[in-house]
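K.L.:
Supplied structure: coords_8.cif, mmCIF, C-alpha atoms and all ligand atoms.
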```cif
data_protein
loop_
_atom_site.label_atom_id
_atom_site.label_comp_id
_atom_site.auth_asym_id
_atom_site.auth_seq_id
_atom_site.Cartn_x
_atom_site.Cartn_y
_atom_site.Cartn_z
CA MET A 11 78.90 142.10 308.11
CA GLU A 12 79.25 138.34 307.83
CA SER A 13 75.63 137.66 308.72
CA GLN A 14 74.38 139.88 305.91
CA GLY A 15 76.50 137.89 303.46
CA LYS A 16 74.76 134.80 304.77
CA ALA A 17 71.38 136.44 304.20
CA LYS A 18 72.37 137.16 300.60
CA GLN A 19 73.30 133.52 299.88
CA GLU A 20 70.12 132.06 301.35
CA MET A 21 67.70 134.48 299.73
CA GLY A 22 67.39 132.97 296.25
CA LYS A 23 65.58 134.90 293.52
CA VAL A 24 62.46 135.95 295.41
CA VAL A 25 62.18 137.31 298.95
CA ASN A 26 59.23 135.65 300.69
CA PHE A 27 57.41 138.15 302.91
CA CYS A 28 54.91 137.81 305.72
CA ILE A 29 53.05 140.81 307.17
CA ILE A 30 52.29 140.88 310.90
CA GLY A 31 49.08 142.85 311.52
CA THR A 32 46.44 142.84 308.82
CA SER A 33 44.57 146.15 308.89
CA GLY A 34 45.46 149.81 308.28
CA ILE A 35 48.95 150.23 306.84
CA ALA A 36 49.29 146.48 306.18
CA ALA A 37 47.25 146.97 302.99
CA VAL A 38 49.82 149.45 301.66
CA HIS A 39 52.68 147.04 302.35
CA ALA A 40 50.77 144.17 300.69
CA ARG A 41 50.32 146.26 297.53
CA CYS A 42 53.96 147.38 297.50
CA ILE A 43 55.32 143.84 297.99
CA SER A 44 53.09 142.60 295.15
CA ARG A 45 54.54 145.26 292.80
CA ASN A 46 58.15 144.18 293.44
CA SER A 47 59.09 141.37 291.04
CA GLU A 48 61.73 140.04 293.46
CA ALA A 49 59.32 139.82 296.41
CA LYS A 50 56.29 137.70 297.21
CA LEU A 51 53.72 137.99 300.00
CA VAL A 52 53.31 134.40 301.16
CA ALA A 53 51.48 134.82 304.48
CA MET A 54 49.99 137.22 307.02
CA VAL A 55 49.57 137.03 310.79
CA ALA A 56 46.53 138.54 312.51
CA SER A 57 45.79 138.99 316.21
CA THR A 58 42.83 136.54 316.16
CA ALA A 59 41.58 133.60 314.07
CA VAL A 60 38.55 135.63 312.96
CA ARG A 61 40.80 138.42 311.70
CA ALA A 62 43.03 135.85 310.00
CA ASP A 63 40.00 134.49 308.08
CA ALA A 64 39.05 138.00 307.03
CA ALA A 65 42.63 138.71 305.92
CA GLU A 66 42.72 135.55 303.77
CA LYS A 67 39.63 136.79 301.93
CA GLN A 68 40.87 140.38 301.64
CA TYR A 69 44.43 139.69 300.51
CA GLY A 70 44.14 136.25 298.93
CA VAL A 71 47.08 134.81 300.91
CA ALA A 72 47.28 132.32 303.77
CA ALA A 73 46.75 134.01 307.13
CA TYR A 74 47.29 132.71 310.65
CA ASP A 75 46.78 133.89 314.20
CA SER A 76 50.31 133.02 315.28
CA ILE A 77 53.80 133.64 313.97
CA ASP A 78 54.80 130.06 314.79
CA GLU A 79 52.11 128.66 312.54
CA ALA A 80 53.01 130.98 309.65
CA LEU A 81 56.66 129.93 309.93
CA GLN A 82 55.72 126.24 310.07
CA HIS A 83 53.82 126.44 306.81
CA HIS A 84 55.98 128.82 304.77
CA ASP A 85 59.60 129.56 303.98
CA ILE A 86 59.54 133.16 305.20
CA HIS A 87 62.64 135.34 304.70
CA ALA A 88 61.33 138.69 305.94
CA CYS A 89 58.39 140.14 307.83
CA VAL A 90 56.87 143.61 307.90
CA ILE A 91 55.61 144.64 311.34
CA CYS A 92 52.29 146.49 311.01
CA THR A 93 50.94 146.02 314.54
CA ALA A 94 50.18 148.82 317.01
CA SER A 95 53.32 150.79 317.88
CA GLY A 96 53.49 149.35 321.41
CA GLN A 97 53.23 145.84 319.96
CA HIS A 98 56.28 145.90 317.69
CA LEU A 99 58.78 144.51 320.19
CA GLU A 100 57.39 141.03 320.92
CA PRO A 101 56.76 139.87 317.34
CA THR A 102 60.08 141.38 316.22
CA LEU A 103 62.03 139.50 318.91
CA SER A 104 60.22 136.30 318.08
CA LEU A 105 61.06 136.63 314.36
CA LEU A 106 64.66 137.70 314.81
CA ARG A 107 65.34 134.74 317.10
CA ARG A 108 64.21 132.50 314.26
CA GLY A 109 66.53 134.23 311.78
CA VAL A 110 63.81 136.18 309.95
CA HIS A 111 64.65 139.70 308.74
CA VAL A 112 62.31 142.47 309.87
CA LEU A 113 61.09 145.73 308.39
CA CYS A 114 59.22 147.58 311.13
CA GLU A 115 56.70 150.39 310.79
CA LYS A 116 57.44 153.68 312.54
CA PRO A 117 58.10 154.29 315.34
CA LEU A 118 60.28 151.23 316.01
CA GLU A 119 58.53 151.11 319.39
CA ILE A 120 56.91 153.46 321.90
CA ASN A 121 60.19 154.26 323.64
CA VAL A 122 63.93 153.97 323.12
CA ASP A 123 64.32 151.21 325.70
CA ARG A 124 61.94 148.86 323.86
CA ALA A 125 63.34 149.85 320.44
CA SER A 126 66.91 149.20 321.66
CA GLN A 127 65.94 145.64 322.59
CA MET A 128 64.93 145.11 318.97
CA ILE A 129 68.20 146.53 317.68
CA ARG A 130 70.31 144.38 320.00
CA ALA A 131 68.31 141.29 318.99
CA ALA A 132 68.79 142.02 315.27
CA ASP A 133 72.53 142.42 315.69
CA ALA A 134 72.76 139.26 317.81
CA ALA A 135 70.81 137.29 315.19
CA GLY A 136 72.75 138.74 312.22
CA CYS A 137 69.44 139.78 310.65
CA LEU A 138 68.42 143.04 309.05
CA LEU A 139 66.07 145.30 310.99
CA GLY A 140 64.88 148.29 309.00
CA GLY A 141 62.56 151.08 310.10
CA VAL A 142 59.84 152.54 307.89
CA PHE A 143 60.32 156.26 307.26
CA GLN A 144 59.04 156.43 303.71
CA ASN A 145 59.33 160.22 303.41
CA ARG A 146 63.13 159.88 303.45
CA PHE A 147 62.87 158.56 299.88
CA SER A 148 60.89 161.55 298.57
CA PRO A 149 62.78 163.00 295.57
CA ASP A 150 62.25 166.59 296.73
CA PHE A 151 63.45 165.81 300.26
CA LEU A 152 66.58 164.18 298.79
CA LYS A 153 67.13 167.28 296.65
CA LEU A 154 66.82 169.51 299.71
CA GLN A 155 69.16 167.27 301.71
CA GLU A 156 71.73 167.35 298.91
CA ALA A 157 71.58 171.16 298.81
CA VAL A 158 71.97 171.43 302.60
CA LYS A 159 74.93 169.02 302.54
CA ALA A 160 76.54 171.01 299.72
CA ASN A 161 76.17 174.21 301.83
CA GLN A 162 74.02 175.79 299.14
CA PHE A 163 72.12 177.71 301.81
CA GLY A 164 75.35 178.67 303.61
CA SER A 165 75.42 178.07 307.35
CA LEU A 166 71.97 177.12 308.60
CA LEU A 167 70.41 179.60 311.02
CA LEU A 168 66.96 178.16 311.62
CA ALA A 169 65.30 174.81 310.83
CA ASN A 170 61.63 174.20 311.59
CA ALA A 171 59.11 171.37 311.31
CA TYR A 172 55.36 171.98 311.29
CA ILE A 173 52.87 169.12 311.38
CA LYS A 174 49.52 170.87 311.74
CA TRP A 175 47.32 167.88 311.11
CA TYR A 176 43.77 166.97 311.98
CA ARG A 177 42.21 163.73 313.16
CA ASN A 178 38.53 163.64 314.07
CA GLU A 179 37.24 162.07 317.31
CA ASP A 180 36.40 158.81 315.51
CA TYR A 181 40.05 158.30 314.62
CA TYR A 182 40.92 157.75 318.26
CA ALA A 183 37.53 156.44 319.47
CA THR A 184 37.53 153.56 317.00
CA SER A 185 41.10 152.41 317.70
CA PRO A 186 41.97 150.62 320.94
CA TRP A 187 45.58 151.84 320.92
CA LYS A 188 45.92 155.19 319.15
CA GLY A 189 46.51 158.06 321.57
CA THR A 190 47.17 155.69 324.50
CA LEU A 191 50.46 155.72 326.34
CA LYS A 192 50.87 151.94 326.25
CA GLY A 193 49.84 151.50 322.61
CA ASP A 194 51.10 154.72 320.99
CA GLY A 195 53.60 156.10 323.52
CA GLY A 196 51.90 159.51 323.21
CA ALA A 197 49.96 160.80 320.22
CA ALA A 198 50.49 163.63 317.71
CA LEU A 199 54.29 163.84 317.88
CA ILE A 200 55.22 160.15 318.19
CA ASN A 201 52.62 158.87 315.76
CA GLN A 202 52.04 161.58 313.13
CA GLY A 203 54.82 164.14 313.66
CA ILE A 204 57.65 161.63 313.79
CA HIS A 205 58.04 161.47 309.98
CA THR A 206 58.70 165.19 309.64
CA ILE A 207 60.80 165.31 312.82
CA ASP A 208 62.92 162.51 311.34
CA LEU A 209 63.50 164.57 308.18
CA LEU A 210 64.29 167.71 310.18
CA LEU A 211 67.03 165.83 312.07
CA LEU A 212 68.50 164.49 308.82
CA LEU A 213 68.74 168.05 307.52
CA ALA A 214 69.79 169.92 310.64
CA GLY A 215 71.81 167.39 312.64
CA GLU A 216 71.76 166.39 316.27
CA VAL A 217 69.81 168.31 318.88
CA LYS A 218 71.61 169.47 322.02
CA SER A 219 68.61 170.54 324.09
CA VAL A 220 64.86 170.94 323.87
CA PHE A 221 62.29 173.04 325.68
CA ALA A 222 58.76 171.76 325.06
CA LYS A 223 55.16 172.17 325.99
CA VAL A 224 52.65 169.45 325.09
CA LYS A 225 48.90 169.50 325.72
CA THR A 226 45.75 167.55 325.01
CA VAL A 227 43.41 170.22 323.70
CA MET A 228 40.68 168.46 321.75
CA HIS A 229 40.61 164.68 321.89
CA ALA A 230 39.70 162.34 324.76
CA ILE A 231 43.12 160.65 324.73
CA GLU A 232 46.05 160.11 327.12
CA GLY A 233 48.69 161.41 324.70
CA GLU A 234 49.17 164.97 323.41
CA ASP A 235 47.29 166.39 320.45
CA LEU A 236 49.32 169.62 320.45
CA GLY A 237 53.04 170.09 321.04
CA VAL A 238 55.39 173.04 320.63
CA CYS A 239 59.16 172.75 321.09
CA ILE A 240 62.18 175.00 320.81
CA LEU A 241 65.30 173.13 319.73
CA THR A 242 68.95 174.03 320.12
CA PHE A 243 71.03 171.98 317.70
CA LYS A 244 74.58 170.87 318.49
CA ASN A 245 75.91 173.28 315.85
CA GLY A 246 74.26 176.17 317.74
CA MET A 247 71.38 176.61 315.33
CA THR A 248 67.83 177.11 316.58
CA GLY A 249 64.70 175.26 315.48
CA VAL A 250 61.03 174.90 316.21
CA ILE A 251 58.64 171.96 316.06
CA GLU A 252 54.87 172.42 316.12
CA GLY A 253 52.89 169.18 315.90
CA SER A 254 49.21 168.48 316.29
CA THR A 255 46.23 166.34 315.35
CA ALA A 256 43.73 168.98 316.52
CA LEU A 257 44.11 171.65 313.84
CA TYR A 258 41.18 171.54 311.43
CA PRO A 259 41.19 170.82 308.52
CA GLY A 260 44.84 169.69 308.66
CA TYR A 261 47.57 171.26 306.53
CA PRO A 262 50.40 169.52 304.64
CA GLU A 263 53.43 169.01 306.86
CA ARG A 264 56.17 171.53 306.29
CA ILE A 265 59.91 171.84 306.83
CA GLU A 266 61.68 175.19 306.59
CA VAL A 267 65.43 175.71 306.43
CA TYR A 268 66.99 179.15 306.50
CA GLY A 269 70.70 179.73 305.97
CA THR A 270 73.07 182.65 305.50
CA ASP A 271 72.87 182.26 301.69
CA GLY A 272 69.27 181.18 301.10
CA SER A 273 66.27 179.23 302.27
CA ALA A 274 63.86 176.47 301.24
CA ILE A 275 60.46 175.14 302.24
CA LEU A 276 59.33 171.55 301.73
CA GLU A 277 55.56 171.18 302.05
CA GLY A 278 53.65 167.94 301.64
CA GLY A 279 56.81 166.35 300.23
CA ARG A 280 57.34 169.04 297.57
CA ILE A 281 59.79 171.94 297.56
CA ILE A 282 57.61 175.04 297.34
CA GLU A 283 60.26 177.68 298.07
CA TRP A 284 63.87 177.51 296.87
CA ASN A 285 65.65 180.85 297.12
CA PHE A 286 69.33 181.73 296.96
CA LYS A 287 71.23 185.01 297.17
CA GLN A 288 73.53 183.76 294.38
CA SER A 289 72.08 182.52 291.10
CA GLU A 290 74.37 179.44 290.67
CA ALA A 291 72.33 177.37 293.07
CA MET A 292 71.17 173.88 292.09
CA ALA A 293 68.42 173.87 289.49
CA LEU A 294 65.03 172.71 290.67
CA GLU A 295 62.18 171.26 288.69
CA VAL A 296 59.08 172.39 290.61
CA LYS A 297 56.08 170.05 290.50
CA ASP A 298 52.53 170.89 291.50
CA GLY A 299 50.63 169.39 294.43
CA VAL A 300 51.70 167.42 297.48
CA GLU A 301 53.20 163.91 297.39
CA GLY A 302 50.22 162.41 299.29
CA SER A 303 50.10 163.97 302.76
CA GLY A 304 48.16 162.41 305.65
CA ALA A 305 47.27 165.92 306.90
CA SER A 306 43.54 165.26 307.19
CA ASP A 307 43.19 161.57 306.41
CA PRO A 308 45.61 158.82 307.46
CA MET A 309 44.76 156.71 304.43
CA ALA A 310 45.39 159.57 301.97
CA ILE A 311 49.14 158.87 301.90
CA SER A 312 50.28 157.67 298.50
CA ASP A 313 51.97 154.27 298.09
CA ASP A 314 55.05 155.86 296.50
CA GLY A 315 57.13 156.19 299.66
CA HIS A 316 56.31 152.71 300.92
CA GLN A 317 57.06 151.30 297.47
CA ARG A 318 60.53 152.87 297.54
CA GLN A 319 61.01 151.55 301.07
CA ILE A 320 60.00 147.97 300.18
CA ASP A 321 62.14 148.09 297.02
CA ASP A 322 65.12 149.26 299.09
CA PHE A 323 64.62 146.56 301.73
CA VAL A 324 64.40 143.83 299.09
CA ALA A 325 67.54 145.17 297.40
CA ALA A 326 69.34 145.35 300.78
CA LEU A 327 68.52 141.69 301.45
CA LYS A 328 69.65 140.58 298.03
CA GLU A 329 72.82 142.67 298.04
CA GLY A 330 73.74 141.87 301.65
CA ARG A 331 73.80 145.54 302.65
CA LEU A 332 72.04 147.63 305.29
CA PRO A 333 68.64 149.09 304.39
CA ALA A 334 68.54 152.85 303.69
CA VAL A 335 66.63 153.34 306.96
CA SER A 336 68.90 151.42 309.31
CA HIS A 337 67.66 150.41 312.75
CA ILE A 338 69.97 152.88 314.53
CA SER A 339 68.98 155.81 312.32
CA ALA A 340 65.30 155.00 312.88
CA LEU A 341 65.88 155.74 316.58
CA ASN A 342 66.89 159.41 316.19
CA ALA A 343 63.43 160.95 316.03
CA LEU A 344 62.07 158.61 318.71
CA ASN A 345 64.87 159.62 321.07
CA LEU A 346 64.18 163.32 320.47
CA ILE A 347 60.43 162.87 320.99
CA GLN A 348 61.08 161.08 324.26
CA HIS A 349 63.13 164.11 325.40
CA ILE A 350 60.33 166.42 324.23
CA TYR A 351 57.91 164.55 326.52
CA LEU A 352 60.44 164.70 329.37
CA SER A 353 60.91 168.45 328.93
CA ALA A 354 57.15 169.03 328.92
CA GLU A 355 56.68 166.88 332.01
CA GLN A 356 59.51 168.60 333.91
CA LYS A 357 58.60 172.05 332.53
CA ARG A 358 62.24 172.86 331.77
CA GLU A 359 64.81 172.72 329.00
CA VAL A 360 66.41 169.26 328.91
CA GLU A 361 69.66 168.08 327.38
CA VAL A 362 69.11 165.44 324.69
CA LYS A 363 71.17 162.40 325.65
CA PRO A 364 72.39 160.14 322.84
CA VAL A 365 70.96 156.64 322.72
CA GLN A 366 72.96 154.05 324.69
CA LEU A 367 72.28 150.65 323.18
N1 LIG A 401 54.48 154.86 307.72
C1 LIG A 401 53.27 155.39 307.80
O1 LIG A 401 52.95 156.39 307.15
C2 LIG A 401 52.26 154.76 308.70
C3 LIG A 401 50.89 155.01 308.51
C4 LIG A 401 49.97 154.38 309.36
C5 LIG A 401 50.43 153.56 310.39
N2 LIG A 401 51.77 153.37 310.56
C6 LIG A 401 52.27 152.54 311.66
O2 LIG A 401 51.86 151.20 311.42
C7 LIG A 401 51.53 150.55 312.65
C8 LIG A 401 50.08 150.03 312.55
O3 LIG A 401 49.22 151.14 312.39
P1 LIG A 401 47.76 150.95 311.75
O4 LIG A 401 47.22 152.30 311.57
O5 LIG A 401 47.84 150.04 310.58
O6 LIG A 401 47.03 150.23 312.96
P2 LIG A 401 45.70 149.32 312.97
O7 LIG A 401 45.16 149.38 314.35
O8 LIG A 401 44.83 149.67 311.81
O9 LIG A 401 46.29 147.87 312.69
C9 LIG A 401 47.06 147.17 313.61
C10 LIG A 401 46.70 145.72 313.47
O10 LIG A 401 47.62 144.91 314.17
C11 LIG A 401 46.88 143.83 314.78
N3 LIG A 401 47.72 143.26 315.83
C12 LIG A 401 48.02 143.78 317.05
N4 LIG A 401 48.85 142.94 317.71
C13 LIG A 401 49.10 141.90 316.89
C14 LIG A 401 49.90 140.74 316.97
N5 LIG A 401 50.63 140.48 318.05
N6 LIG A 401 49.92 139.88 315.91
C15 LIG A 401 49.22 140.14 314.80
N7 LIG A 401 48.43 141.23 314.66
C16 LIG A 401 48.39 142.10 315.69
C17 LIG A 401 45.60 144.48 315.23
O11 LIG A 401 44.60 143.52 315.46
C18 LIG A 401 45.31 145.38 314.04
O12 LIG A 401 44.59 144.67 313.05
C19 LIG A 401 51.75 151.58 313.76
O13 LIG A 401 53.02 151.40 314.33
C20 LIG A 401 51.68 152.90 313.02
O14 LIG A 401 52.46 153.91 313.64
C21 LIG A 401 52.66 153.94 309.73
#
```
As a first step, turn the structure in this file into structure tokens.
P.N.:
Amino acid sequence: MESQGKAKQEMGKVVNFCIIGTSGIAAVHARCISRNSEAKLVAMVASTAVRADAAEKQYGVAAYDSIDEALQHHDIHACVICTASGQHLEPTLSLLRRGVHVLCEKPLEINVDRASQMIRAADAAGCLLGGVFQNRFSPDFLKLQEAVKANQFGSLLLANAYIKWYRNEDYYATSPWKGTLKGDGGAALINQGIHTIDLLLLLAGEVKSVFAKVKTVMHAIEGEDLGVCILTFKNGMTGVIEGSTALYPGYPERIEVYGTDGSAILEGGRIIEWNFKQSEAMALEVKDGVEGSGASDPMAISDDGHQRQIDDFVAALKEGRLPAVSHISALNALNLIQHIYLSAEQKREVEVKPVQL
């Protein structure tokens, strides 16, 4: 794309970053940017002047309460969007219109319509828009994906995703947006489950139809804290998703794939089962422990995935290529989750329609 070539020429040696939103996951992005020798965090944007002051002290960089002001004072090439999920669209549009590249936290937005506006704006501006799905970079997931692609398990018969996580009442009570329809678009599936659902789709392909039930069983929130779905994939295979934030104490998220020639289980980012009828299957070096699951604590995730994601985005900008998590591919799981909510609301199996941009 011509515009990406332009981005490459203008970038120089170091990519100057600004982070929009200064709490929660913003701290992880700040650390990861600081560890990349070709990137520099030059500014942050908070929702209020008081928060901007606090951010300046916490991160040691200039912070503002408006994007305009940050852009006036700094030569900013790229921004990371770390605001509430339902507040990704407006700052992203504002940045893209000014020719600033954007890496946006998951989900791109709370529904496909709002996320599509971001994608159209990025394409119109000739800027990169990447989505954050850091688990896609996990070495064990990549190994599993390679084995599935190489038909090591034969034809897949069943592919499941389980996100049996736990968040205490404080998690929702202390956040003005989490679990709300306007701020989060739902709850357990769209916020927490989306990472594992994204991986399931990369392994198993497109979903033809879904039959779902979602409930709010424990928390005082608008969105669901328990969801169960039966999937029929386009290739005829069956799958199941179970996602929750109500299941104490919270267990590492898990993906299972079963094929005619073998099966594998990825749990907490590590392959814990890897079984083949034939012995010539790909070798696997099994490591202990999980890769840093947020099963019980949202801040327990390790920086590794975000580091790989920032490193990839910086490389994409410098090389004039698309980021590994392109804007379109970041929509897949969001589109499925929207159909899961529709199926639950209509109490029937629904056909999953592809995204129309
Ligand atoms: N990839 C992951 O593993 C991961 C983990 C946690 C959160 N997230 C995502 O990151 C996003 C933020 O989540 P969080 O947990 O950090 O939330 P948070 O509530 O801790 O932080 C959001 C911040 O954005 C600020 N904000 C809101 N609107 C703003 C605006 N217009 N300009 C500047 N600041 C604004 C809020 O004041 C708040 O400080 C969400 O989309 C969430 O889904 C991703």
K.L.:
Which residues sit within 8 Å of ligand LIG 401 (chain A), counting all atoms listed in the file, listed as an MDAnalysis selection string?
P.N.:
chainID A and resid 30:36 55:58 61 75:77 91:98 100:101 114:119 142:144 185:188 194 201:202 205 304 308:309 311 316
K.L.:
As an exercise, work out the distance from CA of Leu367 (chain A) to CA of Val220 (chain A) in Å and give it to one decimal place.
P.N.:
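CA of Val220 (chain A) lies 21.6 Å from CA of Leu367 (chain A).
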K.L.:
Find the spatial neighbours of region 341-344 of chain A, counting only C-alpha atoms, within a cut-off of 10 Å - ignore same-chain residues fewer than 3 positions away - and output them as a ChimeraX atom specification.
P.N.:
/A:116-122,125-126,129,141,199-201,203-212,216-217,335-338,347-350,364-365
K.L.:
Could you take the residues named above and write them with C-alpha atoms, as an mmCIF file, in the coordinates of the input?
P.N.:
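The resulting selection-v7.cif:
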```cif
data_model
loop_
_atom_site.group_PDB
_atom_site.id
_atom_site.type_symbol
_atom_site.label_atom_id
_atom_site.label_comp_id
_atom_site.auth_asym_id
_atom_site.auth_seq_id
_atom_site.Cartn_x
_atom_site.Cartn_y
_atom_site.Cartn_z
ATOM 1 C CA LYS A 116 57.440 153.680 312.540
ATOM 2 C CA PRO A 117 58.100 154.290 315.340
ATOM 3 C CA LEU A 118 60.280 151.230 316.010
ATOM 4 C CA GLU A 119 58.530 151.110 319.390
ATOM 5 C CA ILE A 120 56.910 153.460 321.900
ATOM 6 C CA ASN A 121 60.190 154.260 323.640
ATOM 7 C CA VAL A 122 63.930 153.970 323.120
ATOM 8 C CA ALA A 125 63.340 149.850 320.440
ATOM 9 C CA SER A 126 66.910 149.200 321.660
ATOM 10 C CA ILE A 129 68.200 146.530 317.680
ATOM 11 C CA GLY A 141 62.560 151.080 310.100
ATOM 12 C CA LEU A 199 54.290 163.840 317.880
ATOM 13 C CA ILE A 200 55.220 160.150 318.190
ATOM 14 C CA ASN A 201 52.620 158.870 315.760
ATOM 15 C CA GLY A 203 54.820 164.140 313.660
ATOM 16 C CA ILE A 204 57.650 161.630 313.790
ATOM 17 C CA HIS A 205 58.040 161.470 309.980
ATOM 18 C CA THR A 206 58.700 165.190 309.640
ATOM 19 C CA ILE A 207 60.800 165.310 312.820
ATOM 20 C CA ASP A 208 62.920 162.510 311.340
ATOM 21 C CA LEU A 209 63.500 164.570 308.180
ATOM 22 C CA LEU A 210 64.290 167.710 310.180
ATOM 23 C CA LEU A 211 67.030 165.830 312.070
ATOM 24 C CA LEU A 212 68.500 164.490 308.820
ATOM 25 C CA GLU A 216 71.760 166.390 316.270
ATOM 26 C CA VAL A 217 69.810 168.310 318.880
ATOM 27 C CA VAL A 335 66.630 153.340 306.960
ATOM 28 C CA SER A 336 68.900 151.420 309.310
ATOM 29 C CA HIS A 337 67.660 150.410 312.750
ATOM 30 C CA ILE A 338 69.970 152.880 314.530
ATOM 31 C CA ILE A 347 60.430 162.870 320.990
ATOM 32 C CA GLN A 348 61.080 161.080 324.260
ATOM 33 C CA HIS A 349 63.130 164.110 325.400
ATOM 34 C CA ILE A 350 60.330 166.420 324.230
ATOM 35 C CA PRO A 364 72.390 160.140 322.840
ATOM 36 C CA VAL A 365 70.960 156.640 322.720
#
```
K.L.:
Taking all atoms listed in the file into account, which of A:Tyr69, A:Phe221, A:Tyr172, A:Phe323 comes nearest Tyr351 (chain A)?
P.N.:
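Of all the options, A:Phe221 lies closest to Tyr351 (chain A).
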K.L.:
Considering all atoms listed in the file, return as a PyMOL selection string whatever protein or nucleic-acid residues lie within 7 Å of Asp321 (chain A), sequence-local ones (same chain, fewer than 4 positions apart) excluded.
P.N.:
chain A and resi 46+317+325
K.L.:
Nearest to Ile320 (chain A): which of A:Leu113, A:Val238, A:Val227, A:Ala59 is it, counting all atoms listed in the file?
P.N.:
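Smallest distance to Ile320 (chain A) is found for A:Leu113.
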K.L.:
Name all residues at most 9 Å from Cys239 (chain A) (count only C-alpha atoms; drop same-chain ones fewer than 6 positions away) and give them as an mmCIF file with C-alpha atoms, in the coordinates of the input.
P.N.:
```
data_model
loop_
_atom_site.group_PDB
_atom_site.id
_atom_site.type_symbol
_atom_site.label_atom_id
_atom_site.label_comp_id
_atom_site.auth_asym_id
_atom_site.auth_seq_id
_atom_site.Cartn_x
_atom_site.Cartn_y
_atom_site.Cartn_z
ATOM 1 C CA VAL A 220 64.860 170.940 323.870
ATOM 2 C CA PHE A 221 62.290 173.040 325.680
ATOM 3 C CA ALA A 222 58.760 171.760 325.060
ATOM 4 C CA LYS A 223 55.160 172.170 325.990
ATOM 5 C CA VAL A 224 52.650 169.450 325.090
ATOM 6 C CA GLY A 249 64.700 175.260 315.480
ATOM 7 C CA VAL A 250 61.030 174.900 316.210
ATOM 8 C CA ILE A 251 58.640 171.960 316.060
ATOM 9 C CA GLU A 252 54.870 172.420 316.120
ATOM 10 C CA GLY A 253 52.890 169.180 315.900
ATOM 11 C CA ILE A 350 60.330 166.420 324.230
ATOM 12 C CA ALA A 354 57.150 169.030 328.920
#
```
K.L.:
Give as a list in words every residue, naming chains and numbers as the document does, that has an atom within 7 Å of (48.0, 170.6, 323.9), counting all atoms listed in the file.
P.N.:
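Residues with an atom close enough to that point: Val224, Lys225, Thr226, Val227, Glu234, Asp235, Leu236 and Gly237 of chain A.
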K.L.:
Just want the 10 Å neighbourhood of region 179-181 of chain A, counted on only C-alpha atoms, with same-chain residues fewer than 3 positions away dropped. Output as a list in words.
P.N.:
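Using only C-alpha atoms, the neighbours found are Tyr176, Thr184, Ser185, Lys188, Gly189, Met228, His229, Ala230, Ile231, Ala256, Asp307 and Pro308 of chain A.
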K.L.:
Nearest to Gly215 (chain A) among A:Val90, A:Met247, A:Ile281, A:Ile275, with distances taken over all atoms listed in the file: which residue is it?
P.N.:
A:Met247
K.L.:
What is the CA of Glu48 (chain A) to CA of His84 (chain A) distance in Å?
P.N.:
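If I compute the distance from CA of Glu48 (chain A) to CA of His84 (chain A), I get 16.9 Å.
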K.L.:
Pick from A:Ala160, A:Leu241, A:Leu166, A:Leu152: nearest to Gly269 (chain A), with all atoms listed in the file counted?
P.N.:
A:Leu166
K.L.:
Could you work out an axis-aligned bounding box for all listed atoms of region 278-289 of chain A, with 4 Å added on each of the six sides, and give its centre and edge lengths in Å to one decimal, as JSON?
P.N.:
```
{"center_x": 63.6, "center_y": 175.7, "center_z": 296.4, "size_x": 27.9, "size_y": 26.7, "size_z": 18.5}
```
K.L.:
Within 6 Å of region 71-73 of chain A, counting all atoms listed in the file, which residues show up once you throw out same-chain ones fewer than 4 positions away? Write them as JSON, numbers by chain, please.
P.N.:
{"A": [53, 54, 55, 62, 66]}
K.L.:
Suppose you want the space between CA of Asn145 (chain A) and CA of Gln288 (chain A); what is it in Å?
P.N.:
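Here the two named atoms are 28.9 Å from each other.
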K.L.:
Can you complete the atoms of region 206-214 of chain A to N, CA and C atoms and list them as a tab-separated table (two decimals), in the coordinates of the input?
P.N.:
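Final output, part_29.tsv:
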```tsv
chain	number	residue	atom	x	y	z
A	206	THR	N	58.13	163.89	309.99
A	206	THR	CA	58.70	165.19	309.64
A	206	THR	C	59.84	165.53	310.60
A	207	ILE	N	59.72	165.10	311.85
A	207	ILE	CA	60.80	165.31	312.82
A	207	ILE	C	62.04	164.52	312.36
A	208	ASP	N	61.82	163.33	311.85
A	208	ASP	CA	62.92	162.51	311.34
A	208	ASP	C	63.65	163.25	310.20
A	209	LEU	N	62.88	163.84	309.30
A	209	LEU	CA	63.50	164.57	308.18
A	209	LEU	C	64.25	165.81	308.68
A	210	LEU	N	63.64	166.50	309.64
A	210	LEU	CA	64.29	167.71	310.18
A	210	LEU	C	65.67	167.35	310.74
A	211	LEU	N	65.75	166.23	311.47
A	211	LEU	CA	67.03	165.83	312.07
A	211	LEU	C	68.04	165.45	310.99
A	212	LEU	N	67.57	164.84	309.91
A	212	LEU	CA	68.50	164.49	308.82
A	212	LEU	C	69.08	165.74	308.17
A	213	LEU	N	68.27	166.81	308.14
A	213	LEU	CA	68.74	168.05	307.52
A	213	LEU	C	69.62	168.86	308.47
A	214	ALA	N	69.19	168.94	309.73
A	214	ALA	CA	69.79	169.92	310.64
A	214	ALA	C	70.77	169.32	311.63
```
